[in-house]
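Inspection log for the structure reproduced underneath, given as structure tokens.
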Amino acid sequence: MAENDQPQGIRAKIQAFRTSEHWAASLARDILWVVGVVACIALALYLICGTWPAVVTVESGSMEPHMNIGDLVVVVAPDRFGPLETWDAAHTTGYQKFGDYGDVIIYRPNGQTDFWAQIGLLPLSSQHPIIHRAMTWVDAGSPEPAYLNPYGGKVTPQEYVPLATTSTTTFGYYILYPANGTPPDNITEDAKGMGFSTTGAKYFLPEQFIVQDQGYVRYSAPATHGGYITKGDNNPVSDEGYIVVNNNQTIEPVEKPWVVGKALFTIPYVGLLPLHIWWVIIIVIVAMVAWDWYAKKKDEASKKKGGKAKAAGKGSRKNT
């Protein structure tokens with residue numbers, strides 16, 4: 001008998017929770033409803049996109065003007081809707097995405113992640129993925145390329161010209177020059193050009209070698225492992241050996257397991273919501289509490305009005 005009563009007791013508690021007018025129960029029902037809707041949307045996105053997280057937010061200007069801060073990026077698996085193409089390969093085929101050749105990939109730098117990133121709650125994660133263009137694939141043991149764009153996002157280079165590097169430094173910089181040219185011998189301390197630093201070295205490309213609308217590529221030591229070389233369209237240099245992540249580690253060529261997916265399309269401004277997720281949560285909760293309070297007061301007023309009308313009806317019958 002007790003075994004038969006137990007399910008009935010559970011059903012009674014569920015029914016009481018569903019019909020309770022207590023503010024806490026009402027708020028809990030609203031939160032559960034929101035969580036259920038979000039879970040259904042997340043499941044649908046995963047089934048359609050084939051990866052998780054299926055949406056990420058642009059947090060910096062490294063991809064401007066092709067992607068802007070606050071853009072919500074819809075992400076699909078690398079092989080979804082066609083194979084992943086690098087800038088190098090797409091320059092031959094003519095395939096373009098987001099204003100330049102090749103796909104924009106979302107990857108975890110050096111494979112670093114945590115629990116929150118794995119379940120897709122990126123605002124709570126200490127290591128957010130990076131959204132940059134896949135420039136080329138480098139095999140282990142091959143010279144690792146570094147792509148340079150002196151103009152940032154203002155210019156989309158149609159080609160990247162190989163550079164050579166001087167064997168000695170000038171004013172602390174290794175001087176870069178076209179691989180088919182000769183090293184410059186007239187560099188002064190106030191020379192104009194493009195300077196940048198990588199792990200343990202500084203480089204300088206003199207203004208005399210910078211050609212309008214042209215990019216450059218410098219090959220360095222052999223790569224320790226195979227991976228994608230990536231670059232932000234608005235950054236002067238590609239990521240590997242240039243960008244520093246957690247524990248002062250520079251980014252390495254992106255191995256395939258580190259790739260979350262490729263960008264399919266963006267929705268402007270919508271990504272500002274997850275960038276300010278805590279304020280959004282607070283506003284939503286306050287709005288739900290306010291709505292429940294308003295609905296309760298309205299219901300009470302309606303009941304009082306109905307009671308007065310009923311009493312008035314009884315009084316009129318007595319008078320007759």
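To be explicit about the labels: the chains of the structure tokens are called A, B, and onward in the order shown, and within each one the residues are counted from 1, while ligands get numbers from 1 in the order they are shown.
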
Neighbouring residues of Tyr203 in chain A were defined as those with any atom within 12 Å, considering only C-alpha atoms; residues of the same chain fewer than 2 positions away were excluded. Please report them as a short mmCIF file (atom, residue, chain, number, x, y, z; two decimals) with N, CA, C and O atoms, in the first residue's frame.
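Result written to result_11.cif:
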data_model
loop_
_atom_site.label_atom_id
_atom_site.label_comp_id
_atom_site.auth_asym_id
_atom_site.auth_seq_id
_atom_site.Cartn_x
_atom_site.Cartn_y
_atom_site.Cartn_z
N ALA A 146 54.95 32.97 -41.12
CA ALA A 146 54.30 34.06 -40.39
C ALA A 146 53.82 35.07 -41.43
O ALA A 146 54.61 35.57 -42.23
N LEU A 148 52.30 38.63 -42.67
CA LEU A 148 52.34 40.04 -42.27
C LEU A 148 51.45 40.87 -43.18
O LEU A 148 51.47 40.69 -44.40
N LEU A 163 59.62 36.85 -47.58
CA LEU A 163 60.65 37.73 -47.04
C LEU A 163 61.85 36.94 -46.56
O LEU A 163 61.73 35.77 -46.18
N ALA A 164 63.00 37.58 -46.58
CA ALA A 164 64.22 37.03 -45.98
C ALA A 164 64.55 37.86 -44.75
O ALA A 164 64.02 38.96 -44.56
N THR A 165 65.44 37.34 -43.91
CA THR A 165 65.79 38.00 -42.66
C THR A 165 67.30 38.14 -42.55
O THR A 165 68.05 37.20 -42.88
N THR A 166 67.77 39.30 -42.10
CA THR A 166 69.21 39.48 -41.90
C THR A 166 69.68 38.58 -40.76
O THR A 166 68.92 38.24 -39.85
N SER A 167 70.93 38.18 -40.83
CA SER A 167 71.49 37.28 -39.81
C SER A 167 71.88 38.02 -38.54
O SER A 167 72.08 37.40 -37.49
N THR A 168 72.02 39.34 -38.61
CA THR A 168 72.38 40.15 -37.44
C THR A 168 71.32 41.23 -37.23
O THR A 168 70.54 41.54 -38.14
N THR A 169 71.32 41.80 -36.04
CA THR A 169 70.32 42.81 -35.72
C THR A 169 70.86 44.22 -35.98
O THR A 169 72.07 44.46 -35.95
N THR A 170 69.93 45.13 -36.22
CA THR A 170 70.23 46.55 -36.36
C THR A 170 69.34 47.30 -35.37
O THR A 170 68.11 47.21 -35.48
N PHE A 171 69.95 47.96 -34.41
CA PHE A 171 69.21 48.64 -33.35
C PHE A 171 68.25 47.68 -32.65
O PHE A 171 67.14 48.03 -32.27
N GLY A 172 68.69 46.43 -32.51
CA GLY A 172 67.91 45.43 -31.79
C GLY A 172 66.89 44.70 -32.63
O GLY A 172 66.17 43.83 -32.12
N TYR A 173 66.80 45.00 -33.94
CA TYR A 173 65.81 44.39 -34.82
C TYR A 173 66.50 43.58 -35.91
O TYR A 173 67.51 44.00 -36.47
N TYR A 174 65.91 42.42 -36.24
CA TYR A 174 66.28 41.72 -37.46
C TYR A 174 65.54 42.40 -38.60
O TYR A 174 64.33 42.63 -38.52
N ILE A 175 66.24 42.72 -39.66
CA ILE A 175 65.65 43.45 -40.78
C ILE A 175 65.08 42.48 -41.80
O ILE A 175 65.74 41.51 -42.20
N LEU A 176 63.87 42.75 -42.22
CA LEU A 176 63.20 41.93 -43.24
C LEU A 176 63.30 42.62 -44.59
O LEU A 176 63.25 43.86 -44.67
N TYR A 177 63.41 41.82 -45.63
CA TYR A 177 63.49 42.36 -46.99
C TYR A 177 63.01 41.29 -47.97
O TYR A 177 62.98 40.09 -47.62
N GLY A 193 58.64 52.17 -41.02
CA GLY A 193 58.30 50.85 -41.52
C GLY A 193 57.41 50.11 -40.54
O GLY A 193 56.73 50.72 -39.70
N MET A 194 57.41 48.81 -40.62
CA MET A 194 56.57 47.96 -39.76
C MET A 194 57.46 47.15 -38.84
O MET A 194 58.28 46.35 -39.28
N GLY A 195 57.29 47.33 -37.54
CA GLY A 195 58.03 46.56 -36.56
C GLY A 195 57.11 45.69 -35.73
O GLY A 195 55.96 46.07 -35.47
N PHE A 196 57.58 44.54 -35.31
CA PHE A 196 56.77 43.65 -34.46
C PHE A 196 57.71 42.70 -33.72
O PHE A 196 58.88 42.52 -34.09
N SER A 197 57.18 42.10 -32.67
CA SER A 197 57.97 41.19 -31.84
C SER A 197 57.32 39.81 -31.80
O SER A 197 56.09 39.68 -31.79
N THR A 198 58.15 38.77 -31.78
CA THR A 198 57.69 37.41 -31.58
C THR A 198 58.47 36.84 -30.40
O THR A 198 59.12 37.58 -29.67
N THR A 199 58.42 35.55 -30.22
CA THR A 199 59.09 34.94 -29.08
C THR A 199 60.61 35.13 -29.20
O THR A 199 61.26 34.54 -30.04
N GLY A 200 61.15 35.97 -28.34
CA GLY A 200 62.60 36.12 -28.25
C GLY A 200 63.26 36.95 -29.34
O GLY A 200 64.49 36.99 -29.41
N ALA A 201 62.49 37.61 -30.22
CA ALA A 201 63.12 38.39 -31.29
C ALA A 201 62.19 39.51 -31.74
O ALA A 201 60.96 39.43 -31.58
N LEU A 205 60.35 45.67 -40.92
CA LEU A 205 60.23 45.70 -42.38
C LEU A 205 60.28 47.17 -42.80
O LEU A 205 59.33 47.93 -42.56
N PRO A 206 61.37 47.62 -43.41
CA PRO A 206 61.52 49.03 -43.79
C PRO A 206 60.44 49.48 -44.77
O PRO A 206 59.94 48.70 -45.59
N ARG A 218 56.95 35.40 -43.85
CA ARG A 218 58.32 35.11 -43.40
C ARG A 218 58.36 33.68 -42.86
O ARG A 218 57.54 33.30 -42.01
N VAL A 237 50.18 40.64 -37.80
CA VAL A 237 50.95 39.40 -37.91
C VAL A 237 50.05 38.21 -37.56
O VAL A 237 49.10 38.36 -36.77
N TYR A 242 53.16 34.87 -32.02
CA TYR A 242 52.92 36.31 -31.86
C TYR A 242 51.96 36.59 -30.71
O TYR A 242 52.23 37.42 -29.85
#

Notebook entry, point to check: Out of range 37-202 of chain A, which residues get strand (DSSP E or B) from DSSP, as an MDAnalysis selection string?
Noted result: chainID A and resid 55:57 72:76 96:97 100:101 104:107 130:138 143:148 160:170 173:178 193:198 201:202

Checklist line | Minimum-distance residue to Ile251 in chain A, chosen among A:Tyr107, A:Tyr151, A:Trp291, A:Phe98 (using only C-alpha atoms) | finding: A:Tyr107

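Here the DSSP assignment of helix (DSSP H, G or I), based on backbone atoms, applies within range 81-116 of chain A to Trp87, Asp88, Ala89, Ala90, His91, Thr92, Thr93, Pro109, Asn110, Gly111, Phe115 and Trp116 of chain A.
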
Would you mind exporting the chosen residues as a PDB file, in the first residue's frame, restricted to C-alpha atoms?
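Output (out_9.pdb):
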ATOM      1  CA  TRP A  87      43.527  31.174 -47.494  1.00  0.00           C
ATOM      2  CA  ASP A  88      46.353  29.497 -49.361  1.00  0.00           C
ATOM      3  CA  ALA A  89      44.093  26.893 -51.006  1.00  0.00           C
ATOM      4  CA  ALA A  90      41.133  29.238 -51.550  1.00  0.00           C
ATOM      5  CA  HIS A  91      43.345  31.796 -53.294  1.00  0.00           C
ATOM      6  CA  THR A  92      43.595  29.215 -56.077  1.00  0.00           C
ATOM      7  CA  THR A  93      39.945  28.093 -56.112  1.00  0.00           C
ATOM      8  CA  PRO A 109      44.517  28.129 -28.459  1.00  0.00           C
ATOM      9  CA  ASN A 110      47.006  25.333 -27.838  1.00  0.00           C
ATOM     10  CA  GLY A 111      44.035  23.090 -27.087  1.00  0.00           C
ATOM     11  CA  PHE A 115      34.569  22.766 -18.064  1.00  0.00           C
ATOM     12  CA  TRP A 116      32.582  25.912 -18.892  1.00  0.00           C
TER      13      TRP A 116
END

Notebook entry, point to check: Quick one: residues within 10 Å of Asp30 in chain A, only C-alpha atoms counted, chain neighbours fewer than 4 positions away excluded, as number ranges by chain?
Noted result: A: 24-26, 34-36, 285, 288-289, 292

Writer output for current selection, N, CA and C atoms, as a compact mmCIF listing (two decimals), in the first residue's frame:
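selection_11.txt, freshly written:
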# COMPACT_ATOMS: atom_id res chain seq x y z
N ALA A 24 7.85 32.34 -4.89
CA ALA A 24 9.03 31.52 -5.12
C ALA A 24 8.73 30.39 -6.09
N ALA A 25 7.57 29.75 -5.91
CA ALA A 25 7.17 28.67 -6.83
C ALA A 25 6.94 29.21 -8.23
N SER A 26 6.30 30.38 -8.30
CA SER A 26 6.05 31.00 -9.60
C SER A 26 7.36 31.35 -10.31
N VAL A 34 12.29 28.82 -18.95
CA VAL A 34 13.37 29.43 -19.73
C VAL A 34 14.48 28.43 -20.00
N VAL A 35 14.86 27.67 -18.96
CA VAL A 35 15.92 26.66 -19.13
C VAL A 35 15.51 25.61 -20.16
N GLY A 36 14.25 25.20 -20.12
CA GLY A 36 13.77 24.20 -21.08
C GLY A 36 13.81 24.71 -22.51
N ILE A 285 15.62 38.14 -14.52
CA ILE A 285 15.02 37.72 -13.25
C ILE A 285 14.15 38.82 -12.67
N MET A 288 10.94 38.97 -14.61
CA MET A 288 10.01 37.87 -14.29
C MET A 288 9.33 38.11 -12.95
N VAL A 289 10.10 38.56 -11.94
CA VAL A 289 9.51 38.85 -10.63
C VAL A 289 8.48 39.97 -10.74
N ASP A 292 5.31 38.64 -12.42
CA ASP A 292 4.52 37.82 -11.52
C ASP A 292 3.78 38.69 -10.50

Note to self: Nearest residue to Val56 in chain A out of A:Pro178, A:Gly9, A:Gly70, A:Pro157, using only C-alpha atoms?
What the structure shows: A:Gly70

Next item on the list: Show which residues sit within 12 Å of Arg18 in chain A, as JSON, numbers by chain. Count only C-alpha atoms, and ignore same-chain residues fewer than 4 positions away.
Entry: {"A": [11, 12, 13, 14, 22, 24, 25, 26, 27, 28, 29, 30, 32, 33]}

Keeping only all heavy atoms, write the selected residues as an mmCIF file, in the first residue's frame.
data_model
loop_
_atom_site.group_PDB
_atom_site.id
_atom_site.type_symbol
_atom_site.label_atom_id
_atom_site.label_comp_id
_atom_site.auth_asym_id
_atom_site.auth_seq_id
_atom_site.Cartn_x
_atom_site.Cartn_y
_atom_site.Cartn_z
ATOM 1 N N ARG A 11 3.143 12.871 -7.407
ATOM 2 C CA ARG A 11 2.252 13.583 -8.331
ATOM 3 C C ARG A 11 1.552 14.747 -7.628
ATOM 4 O O ARG A 11 1.351 15.813 -8.213
ATOM 5 C CB ARG A 11 1.228 12.623 -8.932
ATOM 6 C CG ARG A 11 1.796 11.692 -9.997
ATOM 7 C CD ARG A 11 0.675 11.055 -10.790
ATOM 8 N NE ARG A 11 -0.102 10.136 -9.953
ATOM 9 C CZ ARG A 11 0.161 8.836 -9.836
ATOM 10 N NH1 ARG A 11 1.197 8.310 -10.495
ATOM 11 N NH2 ARG A 11 -0.592 8.075 -9.079
ATOM 12 N N ALA A 12 1.200 14.526 -6.371
ATOM 13 C CA ALA A 12 0.537 15.589 -5.613
ATOM 14 C C ALA A 12 1.473 16.778 -5.411
ATOM 15 O O ALA A 12 1.063 17.936 -5.510
ATOM 16 C CB ALA A 12 0.059 15.045 -4.266
ATOM 17 N N LYS A 13 2.752 16.478 -5.133
ATOM 18 C CA LYS A 13 3.730 17.553 -4.948
ATOM 19 C C LYS A 13 3.949 18.327 -6.252
ATOM 20 O O LYS A 13 4.063 19.556 -6.240
ATOM 21 C CB LYS A 13 5.047 16.975 -4.444
ATOM 22 C CG LYS A 13 4.979 16.464 -3.012
ATOM 23 C CD LYS A 13 6.321 15.888 -2.575
ATOM 24 C CE LYS A 13 6.246 15.380 -1.135
ATOM 25 N NZ LYS A 13 7.544 14.793 -0.696
ATOM 26 N N ILE A 14 4.016 17.585 -7.375
ATOM 27 C CA ILE A 14 4.187 18.241 -8.678
ATOM 28 C C ILE A 14 2.984 19.125 -8.985
ATOM 29 O O ILE A 14 3.130 20.268 -9.438
ATOM 30 C CB ILE A 14 4.398 17.186 -9.784
ATOM 31 C CG1 ILE A 14 5.720 16.447 -9.565
ATOM 32 C CG2 ILE A 14 4.370 17.853 -11.155
ATOM 33 C CD1 ILE A 14 5.950 15.315 -10.536
ATOM 34 N N HIS A 22 2.493 30.945 -4.672
ATOM 35 C CA HIS A 22 3.612 31.537 -3.929
ATOM 36 C C HIS A 22 4.628 32.102 -4.919
ATOM 37 O O HIS A 22 4.907 31.503 -5.966
ATOM 38 C CB HIS A 22 4.273 30.484 -3.045
ATOM 39 C CG HIS A 22 5.240 31.059 -2.050
ATOM 40 N ND1 HIS A 22 6.541 31.353 -2.364
ATOM 41 C CD2 HIS A 22 5.075 31.404 -0.744
ATOM 42 C CE1 HIS A 22 7.158 31.849 -1.318
ATOM 43 N NE2 HIS A 22 6.285 31.892 -0.299
ATOM 44 N N ALA A 24 7.845 32.344 -4.885
ATOM 45 C CA ALA A 24 9.034 31.524 -5.118
ATOM 46 C C ALA A 24 8.726 30.391 -6.091
ATOM 47 O O ALA A 24 9.520 30.082 -6.990
ATOM 48 C CB ALA A 24 9.559 30.968 -3.796
ATOM 49 N N ALA A 25 7.566 29.745 -5.911
ATOM 50 C CA ALA A 25 7.172 28.674 -6.831
ATOM 51 C C ALA A 25 6.937 29.213 -8.228
ATOM 52 O O ALA A 25 7.322 28.594 -9.230
ATOM 53 C CB ALA A 25 5.921 27.978 -6.308
ATOM 54 N N SER A 26 6.304 30.380 -8.297
ATOM 55 C CA SER A 26 6.052 31.002 -9.602
ATOM 56 C C SER A 26 7.362 31.349 -10.309
ATOM 57 O O SER A 26 7.514 31.108 -11.512
ATOM 58 C CB SER A 26 5.198 32.255 -9.417
ATOM 59 O OG SER A 26 4.958 32.884 -10.657
ATOM 60 N N LEU A 27 8.316 31.910 -9.554
ATOM 61 C CA LEU A 27 9.621 32.244 -10.140
ATOM 62 C C LEU A 27 10.349 30.990 -10.597
ATOM 63 O O LEU A 27 10.952 30.966 -11.675
ATOM 64 C CB LEU A 27 10.468 33.008 -9.116
ATOM 65 C CG LEU A 27 11.889 33.374 -9.550
ATOM 66 C CD1 LEU A 27 11.848 34.290 -10.775
ATOM 67 C CD2 LEU A 27 12.643 34.056 -8.410
ATOM 68 N N ALA A 28 10.280 29.928 -9.786
ATOM 69 C CA ALA A 28 10.939 28.671 -10.152
ATOM 70 C C ALA A 28 10.349 28.096 -11.428
ATOM 71 O O ALA A 28 11.072 27.575 -12.289
ATOM 72 C CB ALA A 28 10.814 27.668 -9.008
ATOM 73 N N ARG A 29 9.021 28.189 -11.581
ATOM 74 C CA ARG A 29 8.383 27.710 -12.819
ATOM 75 C C ARG A 29 8.870 28.500 -14.021
ATOM 76 O O ARG A 29 9.147 27.934 -15.086
ATOM 77 C CB ARG A 29 6.857 27.807 -12.698
ATOM 78 C CG ARG A 29 6.231 26.804 -11.757
ATOM 79 C CD ARG A 29 4.732 26.704 -12.008
ATOM 80 N NE ARG A 29 4.061 27.987 -11.782
ATOM 81 C CZ ARG A 29 3.521 28.369 -10.625
ATOM 82 N NH1 ARG A 29 3.594 27.569 -9.579
ATOM 83 N NH2 ARG A 29 2.904 29.529 -10.518
ATOM 84 N N ASP A 30 8.991 29.819 -13.876
ATOM 85 C CA ASP A 30 9.468 30.656 -14.982
ATOM 86 C C ASP A 30 10.903 30.293 -15.369
ATOM 87 O O ASP A 30 11.237 30.205 -16.558
ATOM 88 C CB ASP A 30 9.386 32.135 -14.593
ATOM 89 C CG ASP A 30 7.960 32.641 -14.504
ATOM 90 O OD1 ASP A 30 7.081 31.978 -15.089
ATOM 91 O OD2 ASP A 30 7.739 33.674 -13.850
ATOM 92 N N LEU A 32 12.469 27.418 -14.862
ATOM 93 C CA LEU A 32 12.475 26.097 -15.495
ATOM 94 C C LEU A 32 11.995 26.183 -16.939
ATOM 95 O O LEU A 32 12.518 25.496 -17.822
ATOM 96 C CB LEU A 32 11.597 25.126 -14.697
ATOM 97 C CG LEU A 32 12.155 24.660 -13.351
ATOM 98 C CD1 LEU A 32 11.120 23.817 -12.611
ATOM 99 C CD2 LEU A 32 13.447 23.855 -13.553
ATOM 100 N N TRP A 33 11.005 27.031 -17.183
ATOM 101 C CA TRP A 33 10.503 27.196 -18.548
ATOM 102 C C TRP A 33 11.587 27.785 -19.441
ATOM 103 O O TRP A 33 11.801 27.315 -20.572
ATOM 104 C CB TRP A 33 9.281 28.107 -18.530
ATOM 105 C CG TRP A 33 8.667 28.294 -19.891
ATOM 106 C CD1 TRP A 33 7.775 27.475 -20.517
ATOM 107 C CD2 TRP A 33 8.921 29.373 -20.800
ATOM 108 N NE1 TRP A 33 7.454 27.977 -21.760
ATOM 109 C CE2 TRP A 33 8.150 29.145 -21.959
ATOM 110 C CE3 TRP A 33 9.718 30.512 -20.738
ATOM 111 C CZ2 TRP A 33 8.157 30.009 -23.040
ATOM 112 C CZ3 TRP A 33 9.728 31.372 -21.822
ATOM 113 C CH2 TRP A 33 8.954 31.130 -22.952
#

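One finds CA of Met67 in chain A at 14.2 Å from CA of Gln96 in chain A.
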
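If you look at CA of Thr136 in chain A and CA of Ser62 in chain A, they are 18.2 Å away from each other.
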